[in-house]
Each structure stands twice: as C-alpha cells, then as structure tokens.
file target.txt (compact mmCIF, N, CA and C atoms)
# COMPACT_ATOMS: atom_id res chain seq x y z
N GLN A 1 -7.22 -2.67 -13.01
CA GLN A 1 -5.85 -2.18 -12.92
C GLN A 1 -5.70 -1.30 -11.70
N VAL A 2 -4.56 -1.44 -11.03
CA VAL A 2 -4.28 -0.64 -9.83
C VAL A 2 -2.93 0.02 -10.02
N GLN A 3 -2.90 1.32 -9.92
CA GLN A 3 -1.61 2.03 -9.93
C GLN A 3 -1.19 2.34 -8.52
N LEU A 4 0.10 2.20 -8.29
CA LEU A 4 0.65 2.44 -6.96
C LEU A 4 1.73 3.50 -7.05
N VAL A 5 1.70 4.42 -6.10
CA VAL A 5 2.70 5.47 -6.07
C VAL A 5 3.32 5.52 -4.68
N GLU A 6 4.63 5.24 -4.62
CA GLU A 6 5.34 5.28 -3.35
C GLU A 6 5.91 6.67 -3.13
N SER A 7 6.08 7.02 -1.89
CA SER A 7 6.75 8.26 -1.52
C SER A 7 7.34 8.10 -0.13
N GLY A 8 8.19 9.05 0.23
CA GLY A 8 8.74 9.04 1.58
C GLY A 8 10.17 8.59 1.70
N GLY A 9 10.75 8.13 0.62
CA GLY A 9 12.14 7.70 0.69
C GLY A 9 13.06 8.89 0.83
N GLY A 10 14.34 8.61 1.07
CA GLY A 10 15.30 9.68 1.21
C GLY A 10 16.57 9.20 1.87
N LEU A 11 17.37 10.16 2.28
CA LEU A 11 18.65 9.90 2.95
C LEU A 11 18.48 10.15 4.44
N VAL A 12 18.92 9.19 5.24
CA VAL A 12 18.81 9.32 6.69
C VAL A 12 20.05 8.72 7.33
N GLN A 13 20.41 9.22 8.48
CA GLN A 13 21.55 8.67 9.20
C GLN A 13 21.16 7.39 9.93
N ALA A 14 22.13 6.57 10.18
CA ALA A 14 21.88 5.35 10.93
C ALA A 14 21.22 5.68 12.27
N GLY A 15 20.23 4.89 12.62
CA GLY A 15 19.47 5.13 13.83
C GLY A 15 18.24 5.99 13.62
N GLY A 16 18.13 6.57 12.44
CA GLY A 16 17.00 7.44 12.13
C GLY A 16 15.77 6.68 11.66
N SER A 17 14.77 7.44 11.27
CA SER A 17 13.48 6.87 10.87
C SER A 17 13.00 7.49 9.57
N LEU A 18 12.21 6.71 8.85
CA LEU A 18 11.50 7.20 7.67
C LEU A 18 10.14 6.51 7.64
N ARG A 19 9.19 7.19 7.01
CA ARG A 19 7.89 6.55 6.78
C ARG A 19 7.60 6.58 5.29
N LEU A 20 7.44 5.40 4.72
CA LEU A 20 7.09 5.27 3.32
C LEU A 20 5.57 5.19 3.18
N SER A 21 5.07 5.75 2.10
CA SER A 21 3.64 5.68 1.80
C SER A 21 3.46 5.04 0.44
N CYS A 22 2.33 4.37 0.28
CA CYS A 22 1.98 3.76 -0.99
C CYS A 22 0.51 4.02 -1.25
N ALA A 23 0.24 4.90 -2.20
CA ALA A 23 -1.13 5.26 -2.52
C ALA A 23 -1.61 4.44 -3.70
N ALA A 24 -2.74 3.77 -3.51
CA ALA A 24 -3.34 2.97 -4.58
C ALA A 24 -4.38 3.80 -5.31
N SER A 25 -4.49 3.56 -6.61
CA SER A 25 -5.40 4.37 -7.43
C SER A 25 -6.85 4.05 -7.17
N ARG A 26 -7.08 2.89 -6.61
CA ARG A 26 -8.45 2.54 -6.27
C ARG A 26 -8.44 1.53 -5.13
N ARG A 27 -9.60 1.34 -4.60
CA ARG A 27 -9.72 0.38 -3.51
C ARG A 27 -9.41 -1.02 -4.03
N THR A 28 -8.66 -1.78 -3.24
CA THR A 28 -8.26 -3.11 -3.68
C THR A 28 -9.11 -4.19 -3.03
N PHE A 29 -10.28 -3.81 -2.56
CA PHE A 29 -11.23 -4.75 -1.98
C PHE A 29 -10.74 -5.29 -0.65
N SER A 30 -11.67 -5.74 0.15
CA SER A 30 -11.36 -6.06 1.54
C SER A 30 -10.40 -7.22 1.66
N ASN A 31 -10.31 -8.06 0.66
CA ASN A 31 -9.45 -9.23 0.76
C ASN A 31 -8.06 -8.99 0.20
N GLY A 32 -7.81 -7.77 -0.27
CA GLY A 32 -6.54 -7.49 -0.90
C GLY A 32 -5.38 -7.47 0.08
N VAL A 33 -4.19 -7.52 -0.49
CA VAL A 33 -2.96 -7.56 0.30
C VAL A 33 -2.02 -6.48 -0.21
N MET A 34 -1.37 -5.81 0.71
CA MET A 34 -0.29 -4.90 0.34
C MET A 34 1.00 -5.40 0.94
N GLY A 35 2.03 -5.41 0.16
CA GLY A 35 3.33 -5.83 0.64
C GLY A 35 4.39 -4.79 0.32
N TRP A 36 5.47 -4.84 1.06
CA TRP A 36 6.65 -4.02 0.79
C TRP A 36 7.83 -4.96 0.54
N PHE A 37 8.56 -4.66 -0.50
CA PHE A 37 9.76 -5.40 -0.84
C PHE A 37 10.89 -4.39 -1.01
N ARG A 38 12.10 -4.87 -1.03
CA ARG A 38 13.23 -3.98 -1.27
C ARG A 38 14.30 -4.71 -2.06
N GLN A 39 15.09 -3.91 -2.75
CA GLN A 39 16.19 -4.47 -3.53
C GLN A 39 17.39 -3.56 -3.41
N ALA A 40 18.45 -4.11 -2.86
CA ALA A 40 19.71 -3.40 -2.73
C ALA A 40 20.55 -3.66 -3.98
N PRO A 41 21.49 -2.78 -4.28
CA PRO A 41 22.33 -2.96 -5.46
C PRO A 41 23.05 -4.31 -5.43
N GLY A 42 22.96 -5.04 -6.52
CA GLY A 42 23.63 -6.31 -6.62
C GLY A 42 22.98 -7.45 -5.87
N LYS A 43 21.83 -7.19 -5.28
CA LYS A 43 21.15 -8.23 -4.51
C LYS A 43 19.77 -8.50 -5.09
N GLU A 44 19.23 -9.64 -4.73
CA GLU A 44 17.89 -9.97 -5.17
C GLU A 44 16.85 -9.19 -4.35
N ARG A 45 15.70 -9.05 -4.95
CA ARG A 45 14.59 -8.42 -4.23
C ARG A 45 14.20 -9.29 -3.04
N GLU A 46 13.92 -8.64 -1.92
CA GLU A 46 13.53 -9.40 -0.73
C GLU A 46 12.28 -8.81 -0.09
N PHE A 47 11.56 -9.68 0.54
CA PHE A 47 10.34 -9.32 1.24
C PHE A 47 10.66 -8.52 2.49
N VAL A 48 9.81 -7.53 2.77
CA VAL A 48 9.99 -6.73 3.97
C VAL A 48 8.80 -6.91 4.92
N ALA A 49 7.59 -6.63 4.41
CA ALA A 49 6.41 -6.71 5.27
C ALA A 49 5.16 -6.78 4.41
N ALA A 50 4.05 -7.24 5.01
CA ALA A 50 2.79 -7.32 4.29
C ALA A 50 1.63 -7.18 5.25
N ILE A 51 0.49 -6.76 4.71
CA ILE A 51 -0.70 -6.58 5.52
C ILE A 51 -1.91 -6.77 4.61
N ARG A 52 -2.97 -7.26 5.17
CA ARG A 52 -4.22 -7.34 4.43
C ARG A 52 -4.99 -6.03 4.61
N TRP A 53 -5.81 -5.70 3.63
CA TRP A 53 -6.62 -4.49 3.74
C TRP A 53 -7.69 -4.63 4.80
N SER A 54 -8.02 -5.83 5.19
CA SER A 54 -8.94 -6.05 6.30
C SER A 54 -8.26 -6.94 7.32
N GLY A 55 -8.74 -6.89 8.53
CA GLY A 55 -8.14 -7.71 9.57
C GLY A 55 -6.91 -7.04 10.17
N THR A 56 -6.24 -7.76 11.03
CA THR A 56 -5.11 -7.20 11.77
C THR A 56 -3.81 -7.94 11.53
N ASN A 57 -3.84 -8.98 10.70
CA ASN A 57 -2.61 -9.76 10.51
C ASN A 57 -1.56 -8.99 9.73
N THR A 58 -0.35 -9.03 10.25
CA THR A 58 0.80 -8.44 9.58
C THR A 58 1.91 -9.48 9.51
N TYR A 59 2.79 -9.29 8.57
CA TYR A 59 3.87 -10.24 8.31
C TYR A 59 5.15 -9.46 8.09
N TYR A 60 6.24 -9.93 8.68
CA TYR A 60 7.51 -9.21 8.59
C TYR A 60 8.66 -10.18 8.31
N ALA A 61 9.64 -9.66 7.59
CA ALA A 61 10.89 -10.37 7.47
C ALA A 61 11.61 -10.31 8.82
N ASP A 62 12.35 -11.33 9.14
CA ASP A 62 13.06 -11.36 10.42
C ASP A 62 14.00 -10.16 10.57
N SER A 63 14.55 -9.71 9.46
CA SER A 63 15.55 -8.64 9.52
C SER A 63 14.95 -7.30 9.92
N VAL A 64 13.62 -7.16 9.85
CA VAL A 64 13.01 -5.87 10.17
C VAL A 64 12.05 -5.95 11.35
N LYS A 65 11.81 -7.12 11.86
CA LYS A 65 10.89 -7.26 13.00
C LYS A 65 11.34 -6.42 14.17
N GLY A 66 10.39 -5.71 14.75
CA GLY A 66 10.69 -4.87 15.90
C GLY A 66 11.18 -3.49 15.52
N ARG A 67 11.51 -3.30 14.23
CA ARG A 67 11.98 -1.98 13.79
C ARG A 67 11.02 -1.34 12.79
N PHE A 68 10.41 -2.14 11.96
CA PHE A 68 9.49 -1.64 10.93
C PHE A 68 8.06 -2.00 11.32
N THR A 69 7.14 -1.12 10.94
CA THR A 69 5.72 -1.36 11.18
C THR A 69 4.94 -1.04 9.91
N ILE A 70 4.16 -2.01 9.46
CA ILE A 70 3.31 -1.80 8.30
C ILE A 70 1.90 -1.47 8.77
N SER A 71 1.25 -0.56 8.08
CA SER A 71 -0.11 -0.19 8.44
C SER A 71 -0.85 0.27 7.18
N ARG A 72 -2.10 0.57 7.33
CA ARG A 72 -2.90 0.98 6.18
C ARG A 72 -3.99 1.95 6.64
N ASP A 73 -4.43 2.75 5.69
CA ASP A 73 -5.58 3.63 5.91
C ASP A 73 -6.55 3.31 4.78
N ASN A 74 -7.55 2.51 5.08
CA ASN A 74 -8.47 2.06 4.04
C ASN A 74 -9.21 3.22 3.38
N ALA A 75 -9.55 4.22 4.16
CA ALA A 75 -10.29 5.35 3.62
C ALA A 75 -9.48 6.09 2.57
N LYS A 76 -8.17 6.06 2.70
CA LYS A 76 -7.30 6.77 1.76
C LYS A 76 -6.68 5.83 0.74
N ASN A 77 -7.01 4.54 0.81
CA ASN A 77 -6.38 3.54 -0.08
C ASN A 77 -4.87 3.65 -0.04
N THR A 78 -4.33 3.85 1.13
CA THR A 78 -2.90 4.08 1.30
C THR A 78 -2.33 3.16 2.36
N GLY A 79 -1.17 2.62 2.05
CA GLY A 79 -0.44 1.81 3.01
C GLY A 79 0.83 2.54 3.42
N TYR A 80 1.36 2.15 4.57
CA TYR A 80 2.53 2.82 5.12
C TYR A 80 3.54 1.78 5.62
N LEU A 81 4.79 2.22 5.61
CA LEU A 81 5.85 1.41 6.22
C LEU A 81 6.67 2.36 7.08
N GLN A 82 6.47 2.27 8.39
CA GLN A 82 7.24 3.07 9.33
C GLN A 82 8.53 2.32 9.62
N MET A 83 9.65 2.97 9.37
CA MET A 83 10.95 2.33 9.52
C MET A 83 11.74 3.08 10.59
N ASN A 84 12.04 2.39 11.67
CA ASN A 84 12.80 2.97 12.77
C ASN A 84 14.13 2.24 12.93
N SER A 85 15.03 2.85 13.65
CA SER A 85 16.35 2.25 13.92
C SER A 85 16.99 1.77 12.63
N LEU A 86 16.97 2.61 11.63
CA LEU A 86 17.53 2.23 10.34
C LEU A 86 19.03 2.04 10.43
N ASN A 87 19.54 1.12 9.65
CA ASN A 87 20.97 0.90 9.56
C ASN A 87 21.37 0.82 8.09
N PRO A 88 22.65 0.92 7.79
CA PRO A 88 23.08 0.95 6.38
C PRO A 88 22.62 -0.27 5.58
N GLU A 89 22.41 -1.40 6.25
CA GLU A 89 21.94 -2.60 5.55
C GLU A 89 20.50 -2.46 5.04
N ASP A 90 19.81 -1.44 5.49
CA ASP A 90 18.45 -1.18 5.02
C ASP A 90 18.43 -0.36 3.73
N THR A 91 19.59 0.08 3.28
CA THR A 91 19.67 0.85 2.06
C THR A 91 19.22 0.01 0.87
N ALA A 92 18.23 0.52 0.13
CA ALA A 92 17.67 -0.22 -0.99
C ALA A 92 16.61 0.64 -1.66
N VAL A 93 16.15 0.17 -2.81
CA VAL A 93 14.93 0.70 -3.41
C VAL A 93 13.77 -0.09 -2.82
N TYR A 94 12.81 0.60 -2.27
CA TYR A 94 11.66 -0.04 -1.64
C TYR A 94 10.46 0.04 -2.59
N TYR A 95 9.82 -1.10 -2.76
CA TYR A 95 8.67 -1.20 -3.64
C TYR A 95 7.43 -1.63 -2.85
N CYS A 96 6.32 -1.01 -3.13
CA CYS A 96 5.08 -1.56 -2.60
C CYS A 96 4.42 -2.37 -3.69
N ALA A 97 3.66 -3.34 -3.28
CA ALA A 97 2.99 -4.24 -4.20
C ALA A 97 1.62 -4.59 -3.64
N VAL A 98 0.69 -4.81 -4.54
CA VAL A 98 -0.68 -5.09 -4.13
C VAL A 98 -1.23 -6.26 -4.93
N ASP A 99 -2.02 -7.05 -4.27
CA ASP A 99 -2.76 -8.09 -4.98
C ASP A 99 -4.17 -8.16 -4.43
N LEU A 100 -5.10 -8.48 -5.29
CA LEU A 100 -6.49 -8.60 -4.84
C LEU A 100 -6.71 -9.87 -4.02
N ALA A 101 -5.74 -10.79 -4.07
CA ALA A 101 -5.77 -12.00 -3.24
C ALA A 101 -7.10 -12.73 -3.36
N THR A 102 -7.53 -12.98 -4.57
CA THR A 102 -8.78 -13.71 -4.75
C THR A 102 -8.59 -15.20 -4.52
N ASP A 103 -7.33 -15.66 -4.50
CA ASP A 103 -7.07 -17.07 -4.19
C ASP A 103 -6.64 -17.18 -2.74
N TYR A 104 -6.42 -18.41 -2.31
CA TYR A 104 -6.04 -18.64 -0.91
C TYR A 104 -4.57 -18.35 -0.71
N TRP A 105 -4.26 -17.60 0.34
CA TRP A 105 -2.88 -17.27 0.68
C TRP A 105 -2.52 -17.95 1.99
N THR A 106 -1.42 -18.69 2.00
CA THR A 106 -0.89 -19.22 3.24
C THR A 106 -0.02 -18.14 3.88
N SER A 107 0.43 -18.39 5.08
CA SER A 107 1.28 -17.39 5.75
C SER A 107 2.58 -17.16 5.00
N SER A 108 3.03 -18.15 4.26
CA SER A 108 4.27 -17.99 3.50
C SER A 108 4.06 -17.28 2.17
N SER A 109 2.81 -17.17 1.73
CA SER A 109 2.51 -16.54 0.45
C SER A 109 2.91 -15.07 0.44
N TYR A 110 2.80 -14.42 1.58
CA TYR A 110 2.99 -12.97 1.64
C TYR A 110 4.40 -12.54 1.26
N ALA A 111 5.35 -13.42 1.41
CA ALA A 111 6.74 -13.10 1.10
C ALA A 111 7.12 -13.37 -0.36
N LEU A 112 6.18 -13.88 -1.13
CA LEU A 112 6.47 -14.28 -2.50
C LEU A 112 6.11 -13.16 -3.47
N GLY A 113 7.08 -12.59 -4.11
CA GLY A 113 6.83 -11.47 -5.01
C GLY A 113 5.89 -11.79 -6.15
N TYR A 114 5.94 -13.01 -6.64
CA TYR A 114 5.11 -13.35 -7.80
C TYR A 114 3.63 -13.41 -7.45
N LYS A 115 3.31 -13.41 -6.17
CA LYS A 115 1.90 -13.44 -5.77
C LYS A 115 1.24 -12.07 -5.97
N TYR A 116 2.05 -11.03 -6.13
CA TYR A 116 1.51 -9.67 -6.21
C TYR A 116 1.39 -9.24 -7.66
N ALA A 117 0.23 -8.76 -8.04
CA ALA A 117 -0.01 -8.41 -9.44
C ALA A 117 0.41 -6.99 -9.79
N TYR A 118 0.39 -6.11 -8.82
CA TYR A 118 0.63 -4.69 -9.10
C TYR A 118 1.80 -4.18 -8.26
N TRP A 119 2.64 -3.39 -8.92
CA TRP A 119 3.85 -2.90 -8.28
C TRP A 119 3.99 -1.40 -8.50
N GLY A 120 4.55 -0.74 -7.51
CA GLY A 120 4.90 0.66 -7.65
C GLY A 120 6.24 0.82 -8.32
N GLN A 121 6.65 2.07 -8.50
CA GLN A 121 7.89 2.36 -9.22
C GLN A 121 9.12 2.31 -8.31
N GLY A 122 8.89 2.27 -7.03
CA GLY A 122 10.00 2.20 -6.08
C GLY A 122 10.41 3.56 -5.56
N THR A 123 10.93 3.56 -4.36
CA THR A 123 11.46 4.78 -3.75
C THR A 123 12.77 4.44 -3.06
N GLN A 124 13.76 5.28 -3.26
CA GLN A 124 15.10 5.01 -2.73
C GLN A 124 15.19 5.37 -1.26
N VAL A 125 15.74 4.45 -0.49
CA VAL A 125 16.06 4.70 0.91
C VAL A 125 17.56 4.49 1.08
N THR A 126 18.24 5.51 1.56
CA THR A 126 19.68 5.43 1.77
C THR A 126 19.97 5.77 3.22
N VAL A 127 20.66 4.85 3.89
CA VAL A 127 21.01 5.05 5.29
C VAL A 127 22.52 5.19 5.39
N SER A 128 22.96 6.32 5.88
CA SER A 128 24.39 6.57 6.00
C SER A 128 24.88 6.17 7.39
N SER A 129 26.12 5.74 7.43
CA SER A 129 26.69 5.29 8.72
C SER A 129 27.33 6.45 9.47
call {"tool": "encode", "arguments": {"input": "target.txt", "output": "structure tokens"}}
result
Amino acid sequence: QVQLVESGGGLVQAGGSLRLSCAASRRTFSNGVMGWFRQAPGKEREFVAAIRWSGTNTYYADSVKGRFTISRDNAKNTGYLQMNSLNPEDTAVYYCAVDLATDYWTSSSYALGYKYAYWGQGTQVTVSS
C-alpha cells in the first residue's frame, strides 16, 4: 500500500506560478510511475503529466506543455509539478497518482487514470483572472 499526500495548492493570479508536491509513504520501486491529473467542476478528470521514478522520460498533456514541469526526488519519495504561466482554465483539484508499473506501459498508458493504483486526496488550485 502507498499513501500519497499532495500539498502546494492555493489561489494565484493569472500568469503566476505554483509548485505542487506529492509525498509517497514509501518507495515505489524504480519502475514505478507518478502522474498528475486534475478535475475541474463539472468536467471529467484529465491527465496533466507523468514521470517514471527512474529514467528521464516525462509525459505531458498538450494543454500544459511548455508551462508545467514534472520532476521527482527519489531520495524523498516525492514528486513535484511546477506550474508556470497559470491561467483560469487551470483551475481544478489536482491529484497525484502512483503505480508500481509492474506491467508494460506504452506511451499512451501514462494518461490513463485506471492504470494508477494509488491516489492522493487532491489539492485545490484556483487561478483568478
């Protein structure tokens, strides 16, 4: 079992930045994956970004490419989502998710919420215009 705790959400003006953190209760092994998803009111949950605990590959939704950066600190079992140039459309509850990824993942797998076994409680991000 892996518990995830997100932090770093809040209220920011358009054009501002926030950094979200996701602390895992234990190491998720070198093959694990961390992803960030978000859900705005009245909308479905959508993929934001993902990263493996090892290697350098990262994956982003088109809507956040060039503005958001996902990273990790293996020693701290913590992942991060640096969000720059925020706009009101980024307002949502942001969730981190982790999977041990013991099966094979294609490049499209990272955007699929059902692939992730463990989820955090979410942190609210509100961007004012």
call {"tool": "closest_residue", "arguments": {"input": "target.txt", "among": "A:Thr58, A:Asn74, A:Ala97, A:Val64", "to": "A:Met34", "atoms": "only N, CA and C atoms"}}
result
A:Ala97
call {"tool": "select_by_dssp", "arguments": {"input": "target.txt", "residues": "stretch 73-124 of chain A", "states": "helix (DSSP H, G or I)", "output": "PDB file with N, CA and C atoms, in the coordinates of the input"}}
result
ATOM      1  N   ASN A  74      -7.550   2.510   5.080  1.00  0.00           N
ATOM      2  CA  ASN A  74      -8.470   2.060   4.040  1.00  0.00           C
ATOM      3  C   ASN A  74      -9.210   3.220   3.380  1.00  0.00           C
ATOM      4  N   ALA A  75      -9.550   4.220   4.160  1.00  0.00           N
ATOM      5  CA  ALA A  75     -10.290   5.350   3.620  1.00  0.00           C
ATOM      6  C   ALA A  75      -9.480   6.090   2.570  1.00  0.00           C
ATOM      7  N   LYS A  76      -8.170   6.060   2.700  1.00  0.00           N
ATOM      8  CA  LYS A  76      -7.300   6.770   1.760  1.00  0.00           C
ATOM      9  C   LYS A  76      -6.680   5.830   0.740  1.00  0.00           C
ATOM     10  N   PRO A  88      22.650   0.920   7.790  1.00  0.00           N
ATOM     11  CA  PRO A  88      23.080   0.950   6.380  1.00  0.00           C
ATOM     12  C   PRO A  88      22.620  -0.270   5.580  1.00  0.00           C
ATOM     13  N   GLU A  89      22.410  -1.400   6.250  1.00  0.00           N
ATOM     14  CA  GLU A  89      21.940  -2.600   5.550  1.00  0.00           C
ATOM     15  C   GLU A  89      20.500  -2.460   5.040  1.00  0.00           C
ATOM     16  N   ASP A  90      19.810  -1.440   5.490  1.00  0.00           N
ATOM     17  CA  ASP A  90      18.450  -1.180   5.020  1.00  0.00           C
ATOM     18  C   ASP A  90      18.430  -0.360   3.730  1.00  0.00           C
ATOM     19  N   SER A 109       2.810 -17.170   1.730  1.00  0.00           N
ATOM     20  CA  SER A 109       2.510 -16.540   0.450  1.00  0.00           C
ATOM     21  C   SER A 109       2.910 -15.070   0.440  1.00  0.00           C
ATOM     22  N   TYR A 110       2.800 -14.420   1.580  1.00  0.00           N
ATOM     23  CA  TYR A 110       2.990 -12.970   1.640  1.00  0.00           C
ATOM     24  C   TYR A 110       4.400 -12.540   1.260  1.00  0.00           C
ATOM     25  N   ALA A 111       5.350 -13.420   1.410  1.00  0.00           N
ATOM     26  CA  ALA A 111       6.740 -13.100   1.100  1.00  0.00           C
ATOM     27  C   ALA A 111       7.120 -13.370  -0.360  1.00  0.00           C
ATOM     28  N   GLY A 113       7.080 -12.590  -4.110  1.00  0.00           N
ATOM     29  CA  GLY A 113       6.830 -11.470  -5.010  1.00  0.00           C
ATOM     30  C   GLY A 113       5.890 -11.790  -6.150  1.00  0.00           C
ATOM     31  N   TYR A 114       5.940 -13.010  -6.640  1.00  0.00           N
ATOM     32  CA  TYR A 114       5.110 -13.350  -7.800  1.00  0.00           C
ATOM     33  C   TYR A 114       3.630 -13.410  -7.450  1.00  0.00           C
ATOM     34  N   LYS A 115       3.310 -13.410  -6.170  1.00  0.00           N
ATOM     35  CA  LYS A 115       1.900 -13.440  -5.770  1.00  0.00           C
ATOM     36  C   LYS A 115       1.240 -12.070  -5.970  1.00  0.00           C
TER      37      LYS A 115
END
call {"tool": "atom_distance", "arguments": {"input": "target.txt", "atom1": "atom N of A:Gly8", "atom2": "atom CA of A:Thr69"}}
result
15.3 Å
call {"tool": "atom_distance", "arguments": {"input": "target.txt", "atom1": "atom N of A:Ser25", "atom2": "atom C of A:Thr78"}}
result
9.2 Å
call {"tool": "closest_residue", "arguments": {"input": "target.txt", "among": "A:Gly122, A:Ala24, A:Lys76, A:Phe47", "to": "A:Asp62", "atoms": "all atoms listed in the file"}}
result
A:Phe47
call {"tool": "residues_around", "arguments": {"input": "target.txt", "residues": "A:Ser21", "least_positions_apart": "5", "cutoff": "6 Å", "atoms": "only N, CA and C atoms", "output": "short mmCIF file (atom, residue, chain, number, x, y, z; two decimals) with N, CA and C atoms, keeping the file's coordinate frame"}}
result
data_model
loop_
_atom_site.label_atom_id
_atom_site.label_comp_id
_atom_site.auth_asym_id
_atom_site.auth_seq_id
_atom_site.Cartn_x
_atom_site.Cartn_y
_atom_site.Cartn_z
N VAL A 5 1.70 4.42 -6.10
CA VAL A 5 2.70 5.47 -6.07
C VAL A 5 3.32 5.52 -4.68
N GLU A 6 4.63 5.24 -4.62
CA GLU A 6 5.34 5.28 -3.35
C GLU A 6 5.91 6.67 -3.13
N SER A 7 6.08 7.02 -1.89
CA SER A 7 6.75 8.26 -1.52
C SER A 7 7.34 8.10 -0.13
N GLY A 8 8.19 9.05 0.23
CA GLY A 8 8.74 9.04 1.58
C GLY A 8 10.17 8.59 1.70
N GLY A 79 -1.17 2.62 2.05
CA GLY A 79 -0.44 1.81 3.01
C GLY A 79 0.83 2.54 3.42
N TYR A 80 1.36 2.15 4.57
CA TYR A 80 2.53 2.82 5.12
C TYR A 80 3.54 1.78 5.62
N LEU A 81 4.79 2.22 5.61
CA LEU A 81 5.85 1.41 6.22
C LEU A 81 6.67 2.36 7.08
#
call {"tool": "axis_aligned_box", "arguments": {"input": "target.txt", "around": "stretch 71-84 of chain A", "padding_each_side": "4 Å", "output": "lines of an AutoDock Vina configuration file"}}
result
center_x = 1.9
center_y = 3.1
center_z = 6.4
size_x = 32.4
size_y = 15.3
size_z = 21.0
call {"tool": "residues_around", "arguments": {"input": "target.txt", "residues": "stretch 9-20 of chain A", "least_positions_apart": "3", "cutoff": "8 Å", "atoms": "only C-alpha atoms", "output": "VMD selection string"}}
result
chain A and resid 6 80 to 88 123 to 129
call {"tool": "residues_around", "arguments": {"input": "target.txt", "residues": "stretch 35-46 of chain A", "least_positions_apart": "2", "cutoff": "6.5 Å", "atoms": "only N, CA and C atoms", "output": "PyMOL selection string"}}
result
chain A and resi 33+48-51+91-99
call {"tool": "atom_distance", "arguments": {"input": "target.txt", "atom1": "atom CA of A:Asp90", "atom2": "atom N of A:Arg26"}}
result
28.3 Å
call {"tool": "select_by_dssp", "arguments": {"input": "target.txt", "residues": "chain A", "states": "strand (DSSP E)", "output": "ChimeraX atom specification"}}
result
/A:4-7,10-13,18-24,33-39,46-52,58-60,68-73,78-83,92-99,118-119,123-128
call {"tool": "closest_residue", "arguments": {"input": "target.txt", "among": "A:Leu4, A:Glu89, A:Arg27, A:Ala101", "to": "A:Gly120", "atoms": "only C-alpha atoms"}}
result
A:Leu4
call {"tool": "decode", "arguments": {"input": "target.txt", "residues": "stretch 70-82 of chain A", "atoms": "N, CA, C and O atoms", "output": "short mmCIF file (atom, residue, chain, number, x, y, z; two decimals), in the first residue's frame"}}
result
data_model
loop_
_atom_site.label_atom_id
_atom_site.label_comp_id
_atom_site.auth_asym_id
_atom_site.auth_seq_id
_atom_site.Cartn_x
_atom_site.Cartn_y
_atom_site.Cartn_z
N ILE A 70 7.13 18.36 -14.61
CA ILE A 70 7.05 17.31 -13.60
C ILE A 70 8.45 16.85 -13.25
O ILE A 70 9.33 16.78 -14.12
N SER A 71 8.69 16.58 -11.98
CA SER A 71 10.00 16.11 -11.55
C SER A 71 9.83 15.23 -10.32
O SER A 71 8.72 15.08 -9.80
N ARG A 72 10.91 14.68 -9.86
CA ARG A 72 10.85 13.80 -8.70
C ARG A 72 12.15 13.89 -7.91
O ARG A 72 13.19 14.28 -8.45
N ASP A 73 12.04 13.55 -6.65
CA ASP A 73 13.21 13.43 -5.78
C ASP A 73 13.13 12.03 -5.18
O ASP A 73 12.39 11.81 -4.22
N ASN A 74 13.88 11.11 -5.74
CA ASN A 74 13.78 9.72 -5.30
C ASN A 74 14.16 9.55 -3.84
O ASN A 74 13.55 8.74 -3.13
N ALA A 75 15.13 10.31 -3.39
CA ALA A 75 15.58 10.18 -2.00
C ALA A 75 14.47 10.55 -1.03
O ALA A 75 14.41 10.03 0.09
N LYS A 76 13.59 11.44 -1.45
CA LYS A 76 12.49 11.88 -0.57
C LYS A 76 11.18 11.21 -0.91
O LYS A 76 10.15 11.53 -0.29
N ASN A 77 11.18 10.32 -1.90
CA ASN A 77 9.92 9.69 -2.36
C ASN A 77 8.86 10.73 -2.66
O ASN A 77 7.68 10.57 -2.34
N THR A 78 9.27 11.80 -3.28
CA THR A 78 8.38 12.94 -3.54
C THR A 78 8.44 13.35 -4.99
O THR A 78 9.52 13.41 -5.59
N GLY A 79 7.28 13.61 -5.54
CA GLY A 79 7.18 14.14 -6.89
C GLY A 79 6.68 15.57 -6.85
O GLY A 79 6.07 16.01 -5.87
N TYR A 80 6.94 16.30 -7.92
CA TYR A 80 6.59 17.72 -7.96
C TYR A 80 5.94 18.04 -9.31
O TYR A 80 6.22 17.42 -10.33
N LEU A 81 5.12 19.07 -9.27
CA LEU A 81 4.56 19.62 -10.50
C LEU A 81 4.72 21.13 -10.42
O LEU A 81 4.03 21.80 -9.66
N GLN A 82 5.69 21.65 -11.16
CA GLN A 82 5.90 23.08 -11.23
C GLN A 82 4.98 23.64 -12.30
O GLN A 82 5.05 23.22 -13.47
#
